[in-house]
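Dropping upload_26.txt in here (compact mmCIF, C-alpha atoms):
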# COMPACT_ATOMS: atom_id res chain seq x y z
CA MET D 993 -11.66 32.90 2.96
CA LEU D 994 -8.23 31.54 3.78
CA PRO D 995 -5.55 33.30 5.84
CA PHE D 996 -3.07 33.00 3.00
CA THR D 997 -3.04 33.85 -0.69
CA VAL D 998 -3.59 31.01 -3.08
CA SER D 999 -5.23 30.66 -6.44
CA ILE D 1000 -5.27 27.34 -8.20
CA GLU D 1001 -4.29 27.40 -11.83
CA PRO D 1002 -6.00 24.73 -13.87
CA GLY D 1003 -3.91 22.04 -15.48
CA LYS D 1004 -1.24 22.00 -12.79
CA SER D 1005 -1.24 19.81 -9.72
CA PRO D 1006 -3.40 21.59 -7.14
CA TYR D 1007 -1.56 19.85 -4.32
CA ARG D 1008 1.78 21.30 -5.36
CA GLN D 1009 0.32 24.74 -5.91
CA ILE D 1010 -1.27 24.88 -2.46
CA VAL D 1011 1.81 23.51 -0.68
CA TYR D 1012 3.89 26.15 -2.46
CA ALA D 1013 1.47 28.96 -1.63
CA ALA D 1014 1.24 27.93 2.03
CA THR D 1015 5.01 27.50 2.30
CA LYS D 1016 5.55 30.95 0.86
CA ALA D 1017 3.00 32.39 3.29
CA VAL D 1018 4.68 30.81 6.32
CA VAL D 1019 8.19 31.71 5.24
CA SER D 1020 7.26 35.28 4.37
CA GLY D 1021 5.38 35.75 7.61
CA GLU D 1022 1.96 36.25 5.96
CA LEU D 1023 0.93 33.33 8.15
CA ALA D 1024 2.17 34.37 11.57
CA PRO D 1025 3.94 31.84 13.80
CA GLY D 1026 1.44 30.31 16.19
CA SER D 1027 -1.56 31.32 14.13
CA ALA D 1028 -4.23 28.77 13.26
CA PHE D 1029 -3.94 27.00 9.95
CA PRO D 1030 -7.18 26.02 8.24
CA SER D 1031 -8.44 22.51 8.91
CA VAL D 1032 -8.61 19.93 6.15
CA ARG D 1033 -12.34 20.53 5.93
CA GLU D 1034 -11.92 24.30 5.71
CA LEU D 1035 -9.27 24.00 3.00
CA SER D 1036 -11.46 21.58 1.08
CA GLN D 1037 -14.52 23.83 1.24
CA ALA D 1038 -12.69 27.10 0.56
CA LEU D 1039 -10.77 25.82 -2.45
CA LYS D 1040 -13.43 23.33 -3.57
CA ILE D 1041 -10.92 20.51 -3.65
CA ASN D 1042 -11.16 16.90 -2.64
CA PRO D 1043 -10.57 16.46 1.13
CA ASN D 1044 -7.86 13.87 0.37
CA THR D 1045 -5.92 16.51 -1.52
CA ALA D 1046 -6.36 18.92 1.39
CA GLN D 1047 -5.15 16.23 3.78
CA LYS D 1048 -2.08 15.60 1.64
CA VAL D 1049 -1.29 19.30 1.72
CA VAL D 1050 -1.50 19.49 5.50
CA SER D 1051 0.55 16.30 5.93
CA GLU D 1052 3.25 17.64 3.65
CA LEU D 1053 3.41 20.97 5.50
CA VAL D 1054 3.60 19.14 8.84
CA ARG D 1055 6.34 16.91 7.47
CA ASP D 1056 8.25 19.98 6.28
CA GLY D 1057 8.07 21.39 9.78
CA LEU D 1058 5.94 24.37 8.77
CA LEU D 1059 2.88 23.31 10.74
CA GLU D 1060 2.37 21.63 14.08
CA VAL D 1061 -0.62 19.55 15.05
CA TYR D 1062 -2.00 19.84 18.59
CA PRO D 1063 -4.56 17.13 19.32
CA GLY D 1064 -7.85 18.68 20.35
CA VAL D 1065 -6.71 22.14 19.29
CA GLY D 1066 -5.94 21.86 15.62
CA THR D 1067 -3.18 22.74 13.22
CA VAL D 1068 -1.00 25.71 13.94
CA VAL D 1069 1.80 27.51 12.11
CA THR D 1070 5.09 26.53 13.68
CA THR D 1071 6.72 28.76 16.25
CA LYS D 1072 9.82 26.64 16.34
CA ARG D 1073 11.88 28.02 13.58
CA ARG D 1074 12.30 31.05 11.46
CA ALA D 1075 13.01 30.23 7.87
CA SER D 1076 16.61 30.90 7.02
CA ALA D 1077 17.61 33.29 4.28
CA ALA D 1078 18.64 30.26 2.25
CA GLU D 1079 15.17 28.70 2.56
CA ARG D 1080 13.53 31.94 1.59
CA ARG D 1081 15.80 32.26 -1.42
CA ALA D 1082 15.00 28.70 -2.38
CA LEU D 1083 11.33 29.62 -2.69
CA LEU D 1084 12.20 32.12 -5.35
CA SER D 1085 14.51 29.80 -7.23
CA SER D 1086 12.08 28.74 -9.94
CA ASP D 1087 11.08 32.37 -10.58
CA VAL D 1088 14.75 33.33 -10.74
CA GLU D 1089 15.46 30.53 -13.16
CA ALA D 1090 12.56 31.57 -15.40
CA LEU D 1091 13.80 35.15 -15.39
CA LEU D 1092 17.36 34.18 -16.26
CA VAL D 1093 16.32 31.78 -19.01
CA ASP D 1094 14.13 34.46 -20.59
CA ALA D 1095 16.93 37.01 -20.29
CA LYS D 1096 19.37 34.67 -21.99
CA ARG D 1097 16.94 34.02 -24.82
CA LEU D 1098 16.56 37.75 -25.35
CA GLY D 1099 20.32 38.03 -25.60
CA LEU D 1100 20.71 40.01 -22.38
CA THR D 1101 23.83 39.85 -20.24
CA ARG D 1102 24.20 39.23 -16.54
CA ASP D 1103 24.80 42.94 -16.01
CA ASP D 1104 21.61 43.78 -17.92
CA VAL D 1105 19.61 41.56 -15.60
CA VAL D 1106 21.18 42.95 -12.44
CA SER D 1107 20.60 46.54 -13.62
CA ALA D 1108 17.00 45.72 -14.47
CA ILE D 1109 16.42 44.27 -11.00
CA ASP D 1110 18.07 47.24 -9.29
CA ALA D 1111 15.96 49.71 -11.24
CA ARG D 1112 12.71 47.88 -10.60
CA TRP D 1113 13.45 47.44 -6.90
CA THR D 1114 13.95 51.19 -6.62
CA ASP D 1115 10.72 51.85 -8.53
CA LEU D 1116 8.73 49.58 -6.24
CA PHE D 1117 10.34 50.01 -2.84
CA GLY D 1118 12.43 53.14 -3.02
CA GLU D 1119 15.98 53.08 -1.78
CA GLU D 1120 15.46 50.51 1.00
CA GLU D 1121 17.77 47.51 0.79
CA MET A 150 -13.07 -2.84 -0.99
CA ASN A 151 -14.92 -1.46 -3.97
CA ALA A 152 -18.29 0.19 -3.53
CA ILE A 153 -19.05 -0.27 -7.21
CA GLU A 154 -17.67 -2.89 -9.57
CA VAL A 155 -18.37 -3.19 -13.25
CA SER A 156 -16.93 -6.19 -15.02
CA GLN A 157 -17.00 -6.62 -18.80
CA VAL A 158 -20.38 -4.96 -19.13
CA SER A 159 -21.78 -4.54 -22.60
CA TYR A 160 -25.06 -3.06 -23.79
CA ARG A 161 -26.67 -2.63 -27.16
CA TYR A 162 -29.58 -0.53 -28.35
CA GLY A 163 -30.64 -2.57 -31.37
CA ARG A 164 -27.53 -2.63 -33.52
CA VAL A 165 -25.81 0.23 -31.74
CA THR A 166 -23.27 -0.83 -29.12
CA ALA A 167 -23.55 1.64 -26.27
CA LEU A 168 -21.15 -0.09 -23.87
CA ARG A 169 -18.31 -2.33 -24.85
CA ASP A 170 -16.68 -4.65 -22.26
CA VAL A 171 -16.63 -1.94 -19.63
CA ASP A 172 -14.40 -2.58 -16.62
CA LEU A 173 -14.55 -0.07 -13.84
CA ALA A 174 -14.24 -0.02 -10.07
CA VAL A 175 -15.06 2.73 -7.61
CA PRO A 176 -13.23 2.22 -4.30
CA ASP A 177 -15.01 2.75 -1.00
CA GLY A 178 -15.11 6.41 -0.01
CA ALA A 179 -13.88 7.67 -3.37
CA LEU A 180 -15.24 10.67 -5.20
CA TYR A 181 -15.18 9.28 -8.74
CA ALA A 182 -15.76 11.45 -11.79
CA LEU A 183 -16.79 9.49 -14.86
CA LEU A 184 -16.28 11.78 -17.80
CA GLY A 185 -16.92 11.48 -21.46
CA PRO A 186 -18.62 13.15 -24.41
CA ASN A 187 -22.38 13.11 -24.84
CA GLY A 188 -23.48 9.75 -26.17
CA SER A 189 -20.48 7.91 -24.76
CA GLY A 190 -22.65 5.59 -22.67
CA LYS A 191 -22.42 7.15 -19.21
CA THR A 192 -26.17 7.30 -18.60
CA THR A 193 -26.62 3.74 -19.85
CA LEU A 194 -23.94 2.56 -17.44
CA LEU A 195 -25.55 4.34 -14.51
CA GLN A 196 -28.93 2.88 -15.39
CA ILE A 197 -27.40 -0.59 -15.39
CA LEU A 198 -25.82 0.13 -12.01
CA MET A 199 -29.20 1.17 -10.62
CA GLY A 200 -30.88 -1.92 -12.00
CA LEU A 201 -33.00 0.09 -14.47
CA ARG A 202 -31.47 -1.68 -17.44
CA ARG A 203 -29.96 -5.11 -17.68
CA ALA A 204 -26.53 -5.54 -19.17
CA VAL A 205 -26.35 -7.70 -22.28
CA SER A 206 -23.21 -9.28 -20.88
CA GLY A 207 -20.96 -8.82 -17.90
CA ARG A 208 -21.79 -7.99 -14.30
CA ALA A 209 -22.21 -4.88 -12.22
CA THR A 210 -22.37 -4.79 -8.43
CA ILE A 211 -23.09 -2.00 -6.02
CA LEU A 212 -22.06 -2.51 -2.39
CA GLY A 213 -21.39 -6.13 -3.30
CA VAL A 214 -24.93 -6.77 -4.58
CA ASP A 215 -25.64 -7.65 -8.19
CA ALA A 216 -27.20 -4.56 -9.78
CA ALA A 217 -29.78 -6.70 -11.54
CA HIS A 218 -31.05 -7.96 -8.18
CA LEU A 219 -31.11 -4.91 -5.95
CA GLY A 220 -33.64 -5.26 -3.15
CA ALA A 221 -35.39 -2.53 -1.20
CA ARG A 222 -32.80 -2.58 1.55
CA ASP A 223 -29.97 -2.28 -1.00
CA ARG A 224 -31.70 0.61 -2.75
CA ALA A 225 -32.13 2.39 0.56
CA ARG A 226 -28.35 2.61 0.85
CA VAL A 227 -27.87 4.19 -2.58
CA GLY A 228 -28.81 7.73 -3.50
CA TYR A 229 -29.49 8.32 -7.19
CA VAL A 230 -30.03 11.60 -8.97
CA ALA A 231 -30.78 10.99 -12.65
CA GLU A 232 -30.16 13.55 -15.35
CA GLY A 233 -32.87 16.20 -15.47
CA GLN A 234 -34.26 14.76 -12.27
CA THR A 235 -38.01 14.88 -12.44
CA LEU A 236 -39.44 15.54 -9.02
CA PRO A 237 -43.22 15.75 -8.58
CA GLY A 238 -43.92 19.39 -9.49
CA TRP A 239 -47.16 19.68 -7.54
CA MET A 240 -45.57 18.70 -4.22
CA ARG A 241 -44.13 21.20 -1.82
CA LEU A 242 -40.57 20.34 -0.78
CA ALA A 243 -41.76 19.58 2.76
CA GLN A 244 -44.32 17.15 1.35
CA LEU A 245 -41.73 15.42 -0.80
CA GLU A 246 -39.49 14.96 2.23
CA ALA A 247 -42.43 13.68 4.28
CA TYR A 248 -43.25 11.25 1.47
CA LEU A 249 -39.69 9.92 1.18
CA ALA A 250 -38.63 9.81 4.83
CA PRO A 251 -40.61 6.69 5.87
CA LEU A 252 -39.10 4.74 2.97
CA TYR A 253 -35.65 4.96 4.57
CA ALA A 254 -34.72 3.62 7.97
CA THR A 255 -31.72 5.93 7.93
CA TRP A 256 -33.49 9.18 6.92
CA ASP A 257 -31.82 11.93 8.99
CA ALA A 258 -34.28 14.79 9.48
CA GLN A 259 -31.65 16.98 11.08
CA LEU A 260 -29.36 16.55 8.10
CA ALA A 261 -32.28 17.39 5.83
CA ASP A 262 -32.80 20.61 7.83
CA GLU A 263 -29.10 21.50 7.58
CA LEU A 264 -29.03 20.91 3.85
CA ARG A 265 -32.25 22.85 3.31
CA ASP A 266 -30.70 25.80 5.18
CA ARG A 267 -27.41 25.49 3.39
CA PHE A 268 -29.14 25.36 0.01
CA ALA A 269 -31.57 28.12 1.04
CA LEU A 270 -34.61 26.12 -0.02
CA ASP A 271 -38.08 27.09 1.17
CA PRO A 272 -39.91 23.91 2.23
CA ALA A 273 -43.30 25.50 1.55
CA ARG A 274 -42.68 26.14 -2.12
CA ARG A 275 -44.07 23.81 -4.76
CA ILE A 276 -41.33 22.11 -6.69
CA ARG A 277 -42.60 23.31 -10.05
CA THR A 278 -41.97 26.89 -8.91
CA LEU A 279 -38.31 26.19 -8.14
CA SER A 280 -35.60 27.22 -10.56
CA ARG A 281 -33.52 24.57 -12.28
CA GLY A 282 -30.71 24.99 -9.79
CA GLU A 283 -33.07 24.87 -6.81
CA ARG A 284 -34.62 21.68 -8.16
CA MET A 285 -31.17 20.09 -8.44
CA LYS A 286 -30.41 21.13 -4.87
CA ALA A 287 -33.74 19.68 -3.72
CA ALA A 288 -32.92 16.43 -5.53
CA LEU A 289 -29.51 16.33 -3.86
CA LEU A 290 -31.08 16.99 -0.47
CA CYS A 291 -33.49 14.09 -0.93
CA ALA A 292 -30.65 11.83 -2.05
CA LEU A 293 -28.38 12.75 0.87
CA ALA A 294 -30.89 12.86 3.73
CA PRO A 295 -31.05 9.04 4.04
CA ARG A 296 -27.27 9.08 4.54
CA PRO A 297 -26.61 6.70 1.66
CA ARG A 298 -23.42 4.68 1.46
CA VAL A 299 -23.21 5.45 -2.24
CA LEU A 300 -24.40 8.50 -4.15
CA VAL A 301 -24.74 8.35 -7.92
CA MET A 302 -25.42 11.50 -9.93
CA ASP A 303 -25.83 11.88 -13.69
CA GLU A 304 -24.78 15.30 -15.05
CA PRO A 305 -25.30 17.16 -11.76
CA PHE A 306 -23.69 20.40 -12.96
CA THR A 307 -25.14 20.61 -16.45
CA GLY A 308 -27.03 23.80 -17.05
CA MET A 309 -26.35 25.08 -13.55
CA ASP A 310 -25.07 28.58 -12.95
CA ALA A 311 -21.85 29.20 -11.05
CA LEU A 312 -23.51 29.90 -7.70
CA VAL A 313 -25.53 26.71 -7.81
CA LYS A 314 -22.47 24.72 -8.80
CA ASP A 315 -20.66 26.14 -5.78
CA ASP A 316 -23.51 25.06 -3.50
CA LEU A 317 -23.58 21.59 -5.03
CA VAL A 318 -19.81 21.19 -4.75
CA ARG A 319 -19.87 22.22 -1.09
CA GLY A 320 -22.83 19.93 -0.44
CA LEU A 321 -20.95 17.03 -2.03
CA LEU A 322 -17.72 17.79 -0.19
CA GLY A 323 -19.65 17.77 3.03
CA SER A 324 -20.84 14.22 2.40
CA SER A 325 -17.78 12.57 1.01
CA GLY A 326 -14.54 11.59 2.70
CA ALA A 327 -15.03 11.55 6.43
CA GLU A 328 -18.66 10.51 6.21
CA GLY A 329 -17.58 7.53 4.16
CA CYS A 330 -20.06 8.10 1.37
CA THR A 331 -18.81 6.92 -2.00
CA ILE A 332 -19.75 9.31 -4.77
CA LEU A 333 -19.95 8.60 -8.51
CA LEU A 334 -20.59 11.60 -10.72
CA CYS A 335 -21.01 11.52 -14.47
CA SER A 336 -20.46 14.52 -16.65
CA HIS A 337 -19.45 15.59 -20.13
CA ASP A 338 -17.91 18.72 -18.68
CA ILE A 339 -14.78 18.48 -16.62
CA GLY A 340 -15.15 21.84 -14.88
CA GLU A 341 -15.10 21.63 -11.12
CA LEU A 342 -14.62 17.88 -11.17
CA GLU A 343 -10.90 18.25 -11.87
CA LEU A 344 -10.33 19.54 -8.35
CA LEU A 345 -13.12 17.63 -6.71
CA ALA A 346 -12.58 14.05 -7.75
CA ASP A 347 -9.91 11.75 -6.41
CA TRP A 348 -10.64 9.12 -9.04
CA VAL A 349 -11.34 9.75 -12.68
CA GLY A 350 -12.62 7.60 -15.50
CA PHE A 351 -13.03 8.40 -19.16
CA LEU A 352 -15.74 6.72 -21.20
CA ASP A 353 -15.52 7.27 -24.93
CA HIS A 354 -17.80 5.62 -27.48
CA GLY A 355 -18.80 2.99 -24.95
CA ALA A 356 -15.25 2.01 -23.99
CA VAL A 357 -13.26 2.88 -20.87
CA ARG A 358 -10.05 4.65 -21.91
CA LEU A 359 -8.87 5.45 -18.42
CA SER A 360 -9.79 4.65 -14.83
CA ALA A 361 -7.30 5.72 -12.19
CA PRO A 362 -6.67 7.91 -9.17
CA MET A 363 -6.49 11.57 -10.16
CA GLU A 364 -2.98 12.01 -8.76
CA ARG A 365 -1.74 9.09 -10.81
CA VAL A 366 -3.23 10.57 -14.01
CA ARG A 367 -1.47 13.86 -13.25
CA GLU A 368 1.80 12.05 -12.71
CA GLU A 369 1.54 9.78 -15.76
CA PHE A 370 0.71 12.37 -18.38
CA THR A 371 3.33 14.94 -19.27
CA ARG A 372 3.31 17.73 -21.80
CA VAL A 373 6.70 17.74 -23.48
CA GLU A 374 8.17 20.46 -25.61
CA VAL A 375 11.43 19.90 -27.39
CA ALA A 376 13.66 22.04 -29.51
CA LEU A 377 14.87 19.87 -32.36
CA PRO A 378 18.61 20.24 -33.04
CA ASP A 379 18.08 21.63 -36.53
CA ASP A 380 15.38 21.81 -39.14
CA ARG A 381 15.98 18.19 -40.03
CA ALA A 382 12.80 16.37 -39.16
CA ILE A 383 12.98 13.79 -36.45
CA GLY A 384 11.85 11.12 -38.86
CA ALA A 385 8.78 9.14 -37.99
CA ILE A 386 7.02 10.60 -34.97
CA PRO A 387 6.73 7.85 -32.35
CA PRO A 388 3.08 6.84 -31.86
CA GLU A 389 3.42 7.36 -28.08
CA TRP A 390 3.87 11.05 -28.74
CA MET A 391 0.20 11.99 -28.64
CA LEU A 392 -1.24 15.14 -30.19
CA ALA A 393 2.18 15.87 -31.66
CA GLU A 394 2.46 19.28 -33.27
CA SER A 395 5.45 21.07 -34.57
CA ALA A 396 6.27 24.60 -35.59
CA GLY A 397 9.70 25.55 -36.80
CA ARG A 398 12.19 23.83 -34.54
CA ARG A 399 9.80 23.18 -31.71
CA MET A 400 7.69 20.12 -31.25
CA GLY A 401 5.12 19.56 -28.56
CA PHE A 402 3.29 16.40 -27.57
CA VAL A 403 1.67 14.57 -24.69
CA LEU A 404 3.46 11.51 -23.37
CA ARG A 405 2.21 8.86 -20.99
CA ALA A 406 4.79 7.21 -18.76
CA GLU A 407 5.32 6.05 -15.16
CA SER A 408 6.15 9.58 -14.09
CA HIS A 409 7.23 12.93 -15.47
CA ALA A 410 10.83 11.96 -14.78
CA ALA A 411 10.40 8.70 -16.69
CA ALA A 412 8.86 10.63 -19.58
CA GLU A 413 11.88 12.90 -19.70
CA ARG A 414 14.21 9.92 -19.69
CA THR A 415 12.55 8.29 -22.70
CA VAL A 416 12.61 11.53 -24.66
CA ARG A 417 16.27 12.11 -23.80
CA ALA A 418 17.08 8.57 -24.85
CA ARG A 419 15.73 9.40 -28.26
CA LEU A 420 16.97 12.97 -28.68
CA GLY A 421 20.22 12.92 -26.75
CA GLU A 422 21.33 14.03 -23.28
CA THR A 423 21.74 17.68 -24.19
CA ALA A 424 18.35 18.09 -25.85
CA ASP A 425 16.32 21.15 -24.86
CA ILE A 426 13.31 19.57 -23.17
CA ARG A 427 10.61 21.35 -21.27
CA LEU A 428 8.02 19.45 -19.21
CA SER A 429 4.74 20.67 -17.85
CA ASP A 430 1.53 19.30 -16.41
CA VAL A 431 -1.36 18.26 -18.61
CA SER A 432 -4.90 19.36 -17.84
CA LEU A 433 -7.53 16.68 -17.60
CA ARG A 434 -9.19 18.01 -20.72
CA GLU A 435 -5.97 17.48 -22.67
CA VAL A 436 -5.60 13.98 -21.26
CA PHE A 437 -8.99 13.06 -22.67
CA VAL A 438 -8.32 14.68 -26.02
CA ALA A 439 -5.03 12.77 -26.19
CA LEU A 440 -6.71 9.46 -25.33
CA ALA A 441 -9.58 10.06 -27.73
CA SER A 442 -7.06 10.72 -30.48
CA LYS A 443 -5.81 7.18 -30.01
CA ARG A 444 -9.25 5.71 -30.31
CA GLY A 445 -8.22 2.98 -32.69
CA VAL A 446 -5.50 1.74 -30.37
CA GLN A 447 -6.24 -0.71 -27.59
CA GLN A 448 -6.29 0.91 -24.19
CA ARG A 449 -5.84 -1.00 -20.98
CA PRO A 450 -7.51 0.83 -18.12
CA GLU A 451 -6.27 0.40 -14.56
CA THR A 452 -9.15 -0.60 -12.40
CA GLY A 453 -9.73 0.19 -8.76
CA ALA A 454 -8.29 -1.49 -5.70
CA ALA A 455 -9.14 -5.15 -5.56
CA ALA A 456 -11.26 -6.28 -2.63

Just give me the structure as structure tokens.
Amino acid sequence: MLPFTVSIEPGKSPYRQIVYAATKAVVSGELAPGSAFPSVRELSQALKINPNTAQKVVSELVRDGLLEVYPGVGTVVTTKRRASAAERRALLSSDVEALLVDAKRLGLTRDDVVSAIDARWTDLFGEEE
Amino acid sequence: MNAIEVSQVSYRYGRVTALRDVDLAVPDGALYALLGPNGSGKTTLLQILMGLRRAVSGRATILGVDAAHLGARDRARVGYVAEGQTLPGWMRLAQLEAYLAPLYATWDAQLADELRDRFALDPARRIRTLSRGERMKAALLCALAPRPRVLVMDEPFTGMDALVKDDLVRGLLGSSGAEGCTILLCSHDIGELELLADWVGFLDHGAVRLSAPMERVREEFTRVEVALPDDRAIGAIPPEWMLAESAGRRMGFVLRAESHAAAERTVRARLGETADIRLSDVSLREVFVALASKRGVQQRPETGAAA
């Protein structure tokens, strides 16, 4: 069991999928600042991936400033910065692009898309902004 | 440093060529998946590596020692689990361990205990009463307990149910990497190996079509989908466009290049800067199908790190 949501789709680079899932979890707060991040061994065993892949994932997340390594303690989610709104938006960018491309293909307008989003937001979350 | 090196190895069964100038290298510490259809020569290659068969030409070495001349001390450093491993059915697992332990200076009884617990194997049970999966786990235990430098397994997952496969995968992950054990697994089924292996090789009809780090294979093979500008056909489909299929205005194919970006560049060069091009990753299964479809064409495999 891992403290963040990830499922590896076959055919696509597992490394990229896990980095993305972990990044999303840190930025969204699912992985709380200061909380322990799984070790390379734990990641490898939980996801049944090669330890080198797990190591690459951790290195990338450390390089991106999402994780900090404390010798003797382990790897921890960073407490140093809160992801900016821009960073959080950036995580959604490929989903947004997919949505817009599909909308265009269906012959929908910008207004159609915005209305659709508004309506769905209300359905799911009520009137909160 | 390569734990295993195979250089221009060929083997014939009568008039049938089972292995054809096979070049392959497994770097130290790698988890190498050698994949290929049934009858492609994987078992023959492993038998040559273990000194059970002698290559007709070429040379194979394991831990630097010629496979044809492996001595007792060399064999003690290599764990081997053959396909359909036949363990002595009448022995209890504890007896089998007691029988094997003195043959290895490095037999680690504590590791054997840990593995037995992890695999939930009862040492008092006779091996013939174990299920297929339990027998495979027992075989893996016996192969890992001496802490080998190299572990070779032929079709370890074949016929195993999902729970057993999980146990085997976790057992293998526990031994590789940090422990420094080099692992070579052969299988006709990609399955869990796609995520597990850091090196992959593809043996097809006795020839190596691919041998490279997994990440490099992922980077080199791209699935490309293009929307052709109009119904006019593109003309001759370039031979590098593997498994090319078209429907209406769309054409899809697999392309091998330095990188996904390089693949896009070559397609754009042919179709124009504004072409509608979509790229996506290729699963390992598709890579093999693509390579097998080019069977007649000469393939040059990349071999492992030189010593």

>> Given the point (-19.8, 10.7, 5.3) in the coordinates of this file, which residues lie within 12 Å, counting only C-alpha atoms, and how would they look as a ChimeraX atom specification?
In response: /D:1043 /A:177-180,260,293-300,320-332

>> Contacts from chain D to chain A, 9 Å maximum, all atoms listed in the file: show me the residue list as a VMD selection string.
In response: chain D and resid 1002 to 1006 1033 1036 to 1045

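Distance check against D:Leu1058 using all atoms listed in the file: of D:Thr1101, D:Thr1015, D:Ser1107, D:Ser1086, the minimum falls on D:Thr1015.
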
>> Neighbouring residues of stretch 1010-1013 of chain D were defined as those with any atom within 7 Å, considering only C-alpha atoms; residues of the same chain fewer than 3 positions away were excluded. Please report them as a count of residues only.
In response: 8

> What gap, in Å, lies between atom CA of A:His409 and atom CA of A:Pro186?
Replying inline: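 Between these atoms lies a distance of 27.4 Å.
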
> Around (-13.5, 8.7, -10.3) in the file's frame, which residues reach within 9 Å when counting all atoms listed in the file? Return as a PyMOL selection string?
Replying inline: chain A and resi 174-176+179-184+332-334+346-351+360-363

> Could you work out how far atom CA of D:Leu1023 lies from atom CA of D:Val1069, giving the answer in Å with one decimal?
Replying inline: 7.1 Å

> What does the distance from atom CA of A:Thr235 to atom CA of A:Ala292 come to in Å, to one decimal?
Replying inline: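 So the answer is 13.1 Å.
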
> Excluding same-chain residues fewer than 4 positions from A:Gly188, what lies within 10 Å of it counting only C-alpha atoms, as an MDAnalysis selection string?
Replying inline: chainID A and resid 167 192:193 337 352:355

Please produce an output containing C-alpha atoms for each residue in the selection, written as a PDB file, keeping the file's coordinate frame.
ATOM      1  CA  ALA A 167     -23.550   1.640 -26.270  1.00  0.00           C
ATOM      2  CA  THR A 192     -26.170   7.300 -18.600  1.00  0.00           C
ATOM      3  CA  THR A 193     -26.620   3.740 -19.850  1.00  0.00           C
ATOM      4  CA  HIS A 337     -19.450  15.590 -20.130  1.00  0.00           C
ATOM      5  CA  LEU A 352     -15.740   6.720 -21.200  1.00  0.00           C
ATOM      6  CA  ASP A 353     -15.520   7.270 -24.930  1.00  0.00           C
ATOM      7  CA  HIS A 354     -17.800   5.620 -27.480  1.00  0.00           C
ATOM      8  CA  GLY A 355     -18.800   2.990 -24.950  1.00  0.00           C
TER       9      GLY A 355
END

> For A:Leu252, which residue among A:Ala225, A:Leu264, A:Ala287, A:Ala231 is the nearest when counting only C-alpha atoms?
Replying inline: A:Ala225
